[in-house]
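Written below as structure tokens is the structure these notes are about.
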Amino acid sequence: MKFSLKDIAEPLIFFVILLLLWEVLVEIIKIPAFILPPPRDLYVAFVDKFYILYKHALVTFMEAVGGFALSFVLGVTFAVSVVYSRHLQNTIYPLIVILYAMPKSAFAPLMVIWIGYGLFSKIAIAFLVAFFPIVVNTVVGLKEVEPELLDLARINRASELDVFAKIRLPNSLPYMFAGIKVALVLSVTGAIVAEFVAANEGLGYLILQANYSLDTALALVILLILALLSLLLFMAVEILQKKMAPWSAEVRQLEGSF
């Protein structure tokens, strides 16, 4: 995927302009620093607390990626099972939909009781929020196959394994990657929610400590780190999608725009 200088410069210039406007408005309106600190205060907080931020960010990253990895393995497995089993589609699948409709923050205290106070309870919450998008998108991708292709496979006496490997799975990849992108971002959110409930480390825990001490600059720095972490994970999936599913409409549209 090739990027022109304009594609790189435009977002950078826009971000710099936003920072300048932020700095100017804070100075003109005289907003107290504990309500909205200027960008320079964020830079100072980042430099001063760099090691602490790195340490807690690593914990959150492990929780988010662990929850996502678990949701990907189980989600894809369950999606394939649903497509090939009407019993699962009529029983377990509606239950998954009901569970997803429930607020995930309500599960966090229960996970602490059931699993414990440590890392695995945070991974469990990240898994819960990331599981559903992968399942739904993969199921749709596996089912949204042209009937003519399936008829052609039957005429050529292709086995179910051949149909899955050569037709259904390649067709599902663009849908699956769409679910993966959503799931990755949600897994970061799930890890933060879990840290809000019960944790002594992680960026969610650090946000609470910053709020208790009215350190708004540090809290905003953490939010920016979370946004950057989600963005980097999202971009990594896009690169992987380009390698594994170059035929997807999204990849072809991106390549056509550069």
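We name chains A, B, ... following the order of the structure tokens; residues begin at 1 in each chain, and ligands are numbered from 1 as shown.
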Would you give me, as a tab-separated table, each residue of stretch 120-142 of chain A having an atom within 12 Å of an atom of stretch 168-171 of chain A, along with its shortest atom pair and that distance in Å to one decimal, using only C-alpha atoms and sorting by chain and residue number?
```
residue	atom	partner	partner_atom	distance
A:Asn137	CA	A:Asn171	CA	11.5
A:Thr138	CA	A:Leu169	CA	9.0
A:Val139	CA	A:Arg168	CA	10.1
A:Val140	CA	A:Asn171	CA	9.8
A:Gly141	CA	A:Asn171	CA	6.1
A:Leu142	CA	A:Arg168	CA	5.0
```
> Neighbours of stretch 223-236 of chain A within 9 Å (only C-alpha atoms; same-chain residues fewer than 4 positions away dropped), as a ChimeraX atom specification?
Replying inline: /A:53,57,61,180-182,184-186,188-189,203,207,218-219,240-241
Selected residues written out, N, CA and C atoms, as a tab-separated table (two decimals), in the first residue's frame:
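Result file part_16.tsv:
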```
chain	number	residue	atom	x	y	z
A	53	LEU	N	4.01	5.25	32.70
A	53	LEU	CA	3.06	5.06	31.61
A	53	LEU	C	3.41	3.82	30.79
A	57	ALA	N	0.96	0.72	30.45
A	57	ALA	CA	0.47	0.49	29.08
A	57	ALA	C	0.77	-0.94	28.63
A	61	PHE	N	-1.97	-3.54	27.33
A	61	PHE	CA	-1.78	-4.15	26.02
A	61	PHE	C	-1.88	-5.67	26.12
A	180	ILE	N	-12.67	-8.18	13.08
A	180	ILE	CA	-11.42	-8.13	13.84
A	180	ILE	C	-11.07	-6.69	14.21
A	181	LYS	N	-11.25	-5.77	13.26
A	181	LYS	CA	-10.94	-4.36	13.53
A	181	LYS	C	-11.78	-3.82	14.68
A	182	VAL	N	-13.08	-4.14	14.65
A	182	VAL	CA	-13.96	-3.69	15.73
A	182	VAL	C	-13.58	-4.38	17.04
A	184	LEU	N	-10.71	-5.61	18.06
A	184	LEU	CA	-9.46	-5.13	18.65
A	184	LEU	C	-9.66	-3.85	19.45
A	185	VAL	N	-10.39	-2.91	18.86
A	185	VAL	CA	-10.66	-1.65	19.56
A	185	VAL	C	-11.49	-1.91	20.82
A	186	LEU	N	-12.49	-2.78	20.69
A	186	LEU	CA	-13.34	-3.10	21.84
A	186	LEU	C	-12.57	-3.84	22.93
A	188	VAL	N	-9.51	-3.31	23.82
A	188	VAL	CA	-8.83	-2.28	24.61
A	188	VAL	C	-9.81	-1.63	25.58
A	189	THR	N	-11.00	-1.33	25.08
A	189	THR	CA	-12.04	-0.74	25.95
A	189	THR	C	-12.41	-1.69	27.07
A	203	LEU	N	-3.53	1.00	32.51
A	203	LEU	CA	-3.87	2.40	32.23
A	203	LEU	C	-5.21	2.80	32.83
A	207	ILE	N	-5.70	5.96	35.21
A	207	ILE	CA	-6.67	7.04	35.00
A	207	ILE	C	-7.40	7.36	36.29
A	218	LEU	N	-2.30	14.27	33.14
A	218	LEU	CA	-1.92	12.85	33.06
A	218	LEU	C	-3.09	12.02	32.53
A	219	ALA	N	-4.30	12.33	32.96
A	219	ALA	CA	-5.47	11.58	32.48
A	219	ALA	C	-5.63	11.73	30.96
A	240	LEU	N	-2.37	-6.58	7.52
A	240	LEU	CA	-2.58	-8.03	7.43
A	240	LEU	C	-3.68	-8.36	6.43
A	241	GLN	N	-4.74	-7.55	6.41
A	241	GLN	CA	-5.83	-7.78	5.46
A	241	GLN	C	-5.34	-7.63	4.03
```
> Using only C-alpha atoms, which residues sit within 12 Å of A:Leu74 once same-chain residues fewer than 3 positions away are excluded, as a PyMOL selection string?
Replying inline: chain A and resi 67-71+77-81+127-128+130-132+134-135+138
Could you write those residues out with C-alpha atoms, as a short mmCIF file (atom, residue, chain, number, x, y, z; two decimals), in the first residue's frame?
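What ended up in result.cif:
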```
data_model
loop_
_atom_site.label_atom_id
_atom_site.label_comp_id
_atom_site.auth_asym_id
_atom_site.auth_seq_id
_atom_site.Cartn_x
_atom_site.Cartn_y
_atom_site.Cartn_z
CA GLY A 67 -8.73 -11.09 25.29
CA PHE A 68 -8.76 -10.49 21.55
CA ALA A 69 -6.72 -13.63 20.79
CA LEU A 70 -9.11 -15.73 22.84
CA SER A 71 -12.14 -14.14 21.18
CA THR A 77 -14.56 -21.74 15.75
CA PHE A 78 -18.06 -20.97 16.98
CA ALA A 79 -18.97 -19.15 13.75
CA VAL A 80 -17.96 -22.15 11.63
CA SER A 81 -19.95 -24.42 13.95
CA PHE A 127 -12.82 -11.39 25.51
CA LEU A 128 -16.50 -10.77 26.22
CA ALA A 130 -14.52 -8.67 21.42
CA PHE A 131 -16.20 -12.04 20.90
CA PHE A 132 -19.51 -10.98 19.34
CA ILE A 134 -15.95 -11.67 15.26
CA VAL A 135 -18.72 -14.25 15.49
CA THR A 138 -17.57 -14.42 10.30
#
```
> Among stretch 7-71 of chain A, which residues carry a DSSP assignment of alpha helix (DSSP H), reported as a ChimeraX atom specification?
Replying inline: /A:7-29,39-48,50-71
Can you write out the residues you just picked, keeping C-alpha atoms, as a PDB file, in the first residue's frame?
```
ATOM      1  CA  ASP A   7      -1.699  11.591   2.498  1.00  0.00           C
ATOM      2  CA  ILE A   8       0.911  11.708   5.256  1.00  0.00           C
ATOM      3  CA  ALA A   9       1.142  15.498   5.556  1.00  0.00           C
ATOM      4  CA  GLU A  10      -2.598  16.251   5.733  1.00  0.00           C
ATOM      5  CA  PRO A  11      -3.360  14.443   9.016  1.00  0.00           C
ATOM      6  CA  LEU A  12      -0.119  15.715  10.598  1.00  0.00           C
ATOM      7  CA  ILE A  13      -0.879  19.326   9.682  1.00  0.00           C
ATOM      8  CA  PHE A  14      -4.451  18.952  10.905  1.00  0.00           C
ATOM      9  CA  PHE A  15      -3.228  17.541  14.234  1.00  0.00           C
ATOM     10  CA  VAL A  16      -0.711  20.369  14.676  1.00  0.00           C
ATOM     11  CA  ILE A  17      -3.416  22.964  13.949  1.00  0.00           C
ATOM     12  CA  LEU A  18      -5.668  21.369  16.565  1.00  0.00           C
ATOM     13  CA  LEU A  19      -2.884  21.543  19.149  1.00  0.00           C
ATOM     14  CA  LEU A  20      -2.220  25.205  18.350  1.00  0.00           C
ATOM     15  CA  LEU A  21      -5.922  26.063  18.607  1.00  0.00           C
ATOM     16  CA  TRP A  22      -6.095  24.177  21.895  1.00  0.00           C
ATOM     17  CA  GLU A  23      -3.107  26.101  23.273  1.00  0.00           C
ATOM     18  CA  VAL A  24      -4.457  29.467  22.123  1.00  0.00           C
ATOM     19  CA  LEU A  25      -8.010  28.896  23.388  1.00  0.00           C
ATOM     20  CA  VAL A  26      -6.805  27.787  26.822  1.00  0.00           C
ATOM     21  CA  GLU A  27      -4.695  30.928  27.111  1.00  0.00           C
ATOM     22  CA  ILE A  28      -7.435  33.278  25.839  1.00  0.00           C
ATOM     23  CA  ILE A  29     -10.323  31.866  27.865  1.00  0.00           C
ATOM     24  CA  PRO A  39      -0.851  20.770  25.409  1.00  0.00           C
ATOM     25  CA  ARG A  40       2.518  21.723  26.889  1.00  0.00           C
ATOM     26  CA  ASP A  41       1.343  20.386  30.276  1.00  0.00           C
ATOM     27  CA  LEU A  42       0.503  17.080  28.601  1.00  0.00           C
ATOM     28  CA  TYR A  43       4.011  16.915  27.179  1.00  0.00           C
ATOM     29  CA  VAL A  44       5.521  17.588  30.607  1.00  0.00           C
ATOM     30  CA  ALA A  45       3.315  14.924  32.208  1.00  0.00           C
ATOM     31  CA  PHE A  46       4.275  12.416  29.505  1.00  0.00           C
ATOM     32  CA  VAL A  47       8.010  13.032  29.941  1.00  0.00           C
ATOM     33  CA  ASP A  48       7.862  13.004  33.739  1.00  0.00           C
ATOM     34  CA  PHE A  50       7.151   8.025  30.900  1.00  0.00           C
ATOM     35  CA  TYR A  51       8.372   4.910  32.737  1.00  0.00           C
ATOM     36  CA  ILE A  52       5.157   4.601  34.741  1.00  0.00           C
ATOM     37  CA  LEU A  53       3.058   5.064  31.610  1.00  0.00           C
ATOM     38  CA  TYR A  54       5.119   2.465  29.741  1.00  0.00           C
ATOM     39  CA  LYS A  55       4.796  -0.054  32.562  1.00  0.00           C
ATOM     40  CA  HIS A  56       1.008   0.308  32.859  1.00  0.00           C
ATOM     41  CA  ALA A  57       0.475   0.495  29.084  1.00  0.00           C
ATOM     42  CA  LEU A  58       2.241  -2.843  28.689  1.00  0.00           C
ATOM     43  CA  VAL A  59      -0.170  -4.421  31.179  1.00  0.00           C
ATOM     44  CA  THR A  60      -3.210  -3.039  29.354  1.00  0.00           C
ATOM     45  CA  PHE A  61      -1.775  -4.154  26.018  1.00  0.00           C
ATOM     46  CA  MET A  62      -1.321  -7.719  27.307  1.00  0.00           C
ATOM     47  CA  GLU A  63      -4.883  -7.784  28.641  1.00  0.00           C
ATOM     48  CA  ALA A  64      -6.383  -6.418  25.427  1.00  0.00           C
ATOM     49  CA  VAL A  65      -4.393  -8.657  23.070  1.00  0.00           C
ATOM     50  CA  GLY A  66      -4.980 -11.697  25.292  1.00  0.00           C
ATOM     51  CA  GLY A  67      -8.730 -11.093  25.292  1.00  0.00           C
ATOM     52  CA  PHE A  68      -8.756 -10.492  21.554  1.00  0.00           C
ATOM     53  CA  ALA A  69      -6.719 -13.628  20.791  1.00  0.00           C
ATOM     54  CA  LEU A  70      -9.106 -15.726  22.844  1.00  0.00           C
ATOM     55  CA  SER A  71     -12.135 -14.139  21.181  1.00  0.00           C
TER      56      SER A  71
END
```
Which residues come within 10 Å of stretch 149-155 of chain A, counting only C-alpha atoms, excluding same-chain residues fewer than 5 positions away, as a short mmCIF file (atom, residue, chain, number, x, y, z; two decimals) with N, CA and C atoms, in the first residue's frame?
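Resulting contents of around.cif:
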```
data_model
loop_
_atom_site.label_atom_id
_atom_site.label_comp_id
_atom_site.auth_asym_id
_atom_site.auth_seq_id
_atom_site.Cartn_x
_atom_site.Cartn_y
_atom_site.Cartn_z
N GLU A 160 -17.29 -31.16 1.28
CA GLU A 160 -17.59 -30.03 2.16
C GLU A 160 -16.33 -29.31 2.59
N ASP A 162 -13.59 -29.05 0.78
CA ASP A 162 -13.15 -28.24 -0.35
C ASP A 162 -13.98 -26.97 -0.48
N VAL A 163 -15.30 -27.09 -0.28
CA VAL A 163 -16.19 -25.92 -0.35
C VAL A 163 -15.80 -24.91 0.72
N LYS A 166 -12.02 -23.49 -0.14
CA LYS A 166 -11.80 -22.78 -1.40
C LYS A 166 -12.89 -21.76 -1.73
N ILE A 167 -14.04 -21.85 -1.05
CA ILE A 167 -15.13 -20.92 -1.36
C ILE A 167 -15.55 -20.13 -0.13
N ARG A 168 -16.01 -20.83 0.91
CA ARG A 168 -16.57 -20.12 2.07
C ARG A 168 -15.52 -19.32 2.83
#
```
> Suppose you want the space between atom CA of A:Ser187 and atom CA of A:Leu173; what is it in Å?
Replying inline: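 Going from atom CA of A:Ser187 over to atom CA of A:Leu173, I get 20.1 Å.
The closest residue to A:Ile192, picked from A:Ala108, A:Val136, A:Val221, A:Ile113 and counting only C-alpha atoms, is A:Ala108.
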> Using only C-alpha atoms, which residues sit within 12 Å of A:Asn200 once same-chain residues fewer than 5 positions away are excluded, as a list in words?
Replying inline: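 The residues that qualify are His56, Val59, Thr60, Tyr117, Gly118, Leu119, Lys122, Ala194, Glu195, Tyr205, Leu206, Ile207, Leu208 and Gln209 of chain A.
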May I have the selected residues written with N, CA and C atoms, as a CSV table (one decimal), in the first residue's frame?
```csv
chain,number,residue,atom,x,y,z
A,56,HIS,N,2.5,0.6,32.8
A,56,HIS,CA,1.0,0.3,32.9
A,56,HIS,C,0.4,0.1,31.5
A,59,VAL,N,0.8,-3.6,30.5
A,59,VAL,CA,-0.2,-4.4,31.2
A,59,VAL,C,-1.5,-4.4,30.4
A,60,THR,N,-2.0,-3.2,30.1
A,60,THR,CA,-3.2,-3.0,29.4
A,60,THR,C,-3.1,-3.7,28.0
A,117,TYR,N,-8.6,-11.7,41.0
A,117,TYR,CA,-8.3,-10.2,40.9
A,117,TYR,C,-7.2,-10.0,39.9
A,118,GLY,N,-6.6,-11.0,39.4
A,118,GLY,CA,-5.4,-10.8,38.5
A,118,GLY,C,-5.7,-10.6,37.1
A,119,LEU,N,-4.7,-11.0,36.3
A,119,LEU,CA,-4.7,-10.7,34.8
A,119,LEU,C,-5.8,-11.4,34.1
A,122,LYS,N,-9.3,-9.6,33.7
A,122,LYS,CA,-9.2,-8.5,32.7
A,122,LYS,C,-9.3,-9.1,31.3
A,194,ALA,N,-12.4,-3.2,32.8
A,194,ALA,CA,-12.0,-4.2,33.9
A,194,ALA,C,-11.1,-3.6,34.9
A,195,GLU,N,-10.2,-2.8,34.4
A,195,GLU,CA,-9.2,-2.1,35.3
A,195,GLU,C,-9.9,-1.1,36.2
A,205,TYR,N,-6.4,1.7,35.7
A,205,TYR,CA,-6.1,2.0,37.1
A,205,TYR,C,-5.4,3.4,37.2
A,206,LEU,N,-4.5,3.7,36.3
A,206,LEU,CA,-3.8,4.9,36.3
A,206,LEU,C,-4.7,6.1,36.1
A,207,ILE,N,-5.7,6.0,35.2
A,207,ILE,CA,-6.7,7.0,35.0
A,207,ILE,C,-7.4,7.4,36.3
A,208,LEU,N,-7.8,6.3,37.0
A,208,LEU,CA,-8.5,6.5,38.3
A,208,LEU,C,-7.6,7.3,39.3
A,209,GLN,N,-6.3,6.9,39.3
A,209,GLN,CA,-5.4,7.6,40.3
A,209,GLN,C,-5.2,9.1,39.8
```
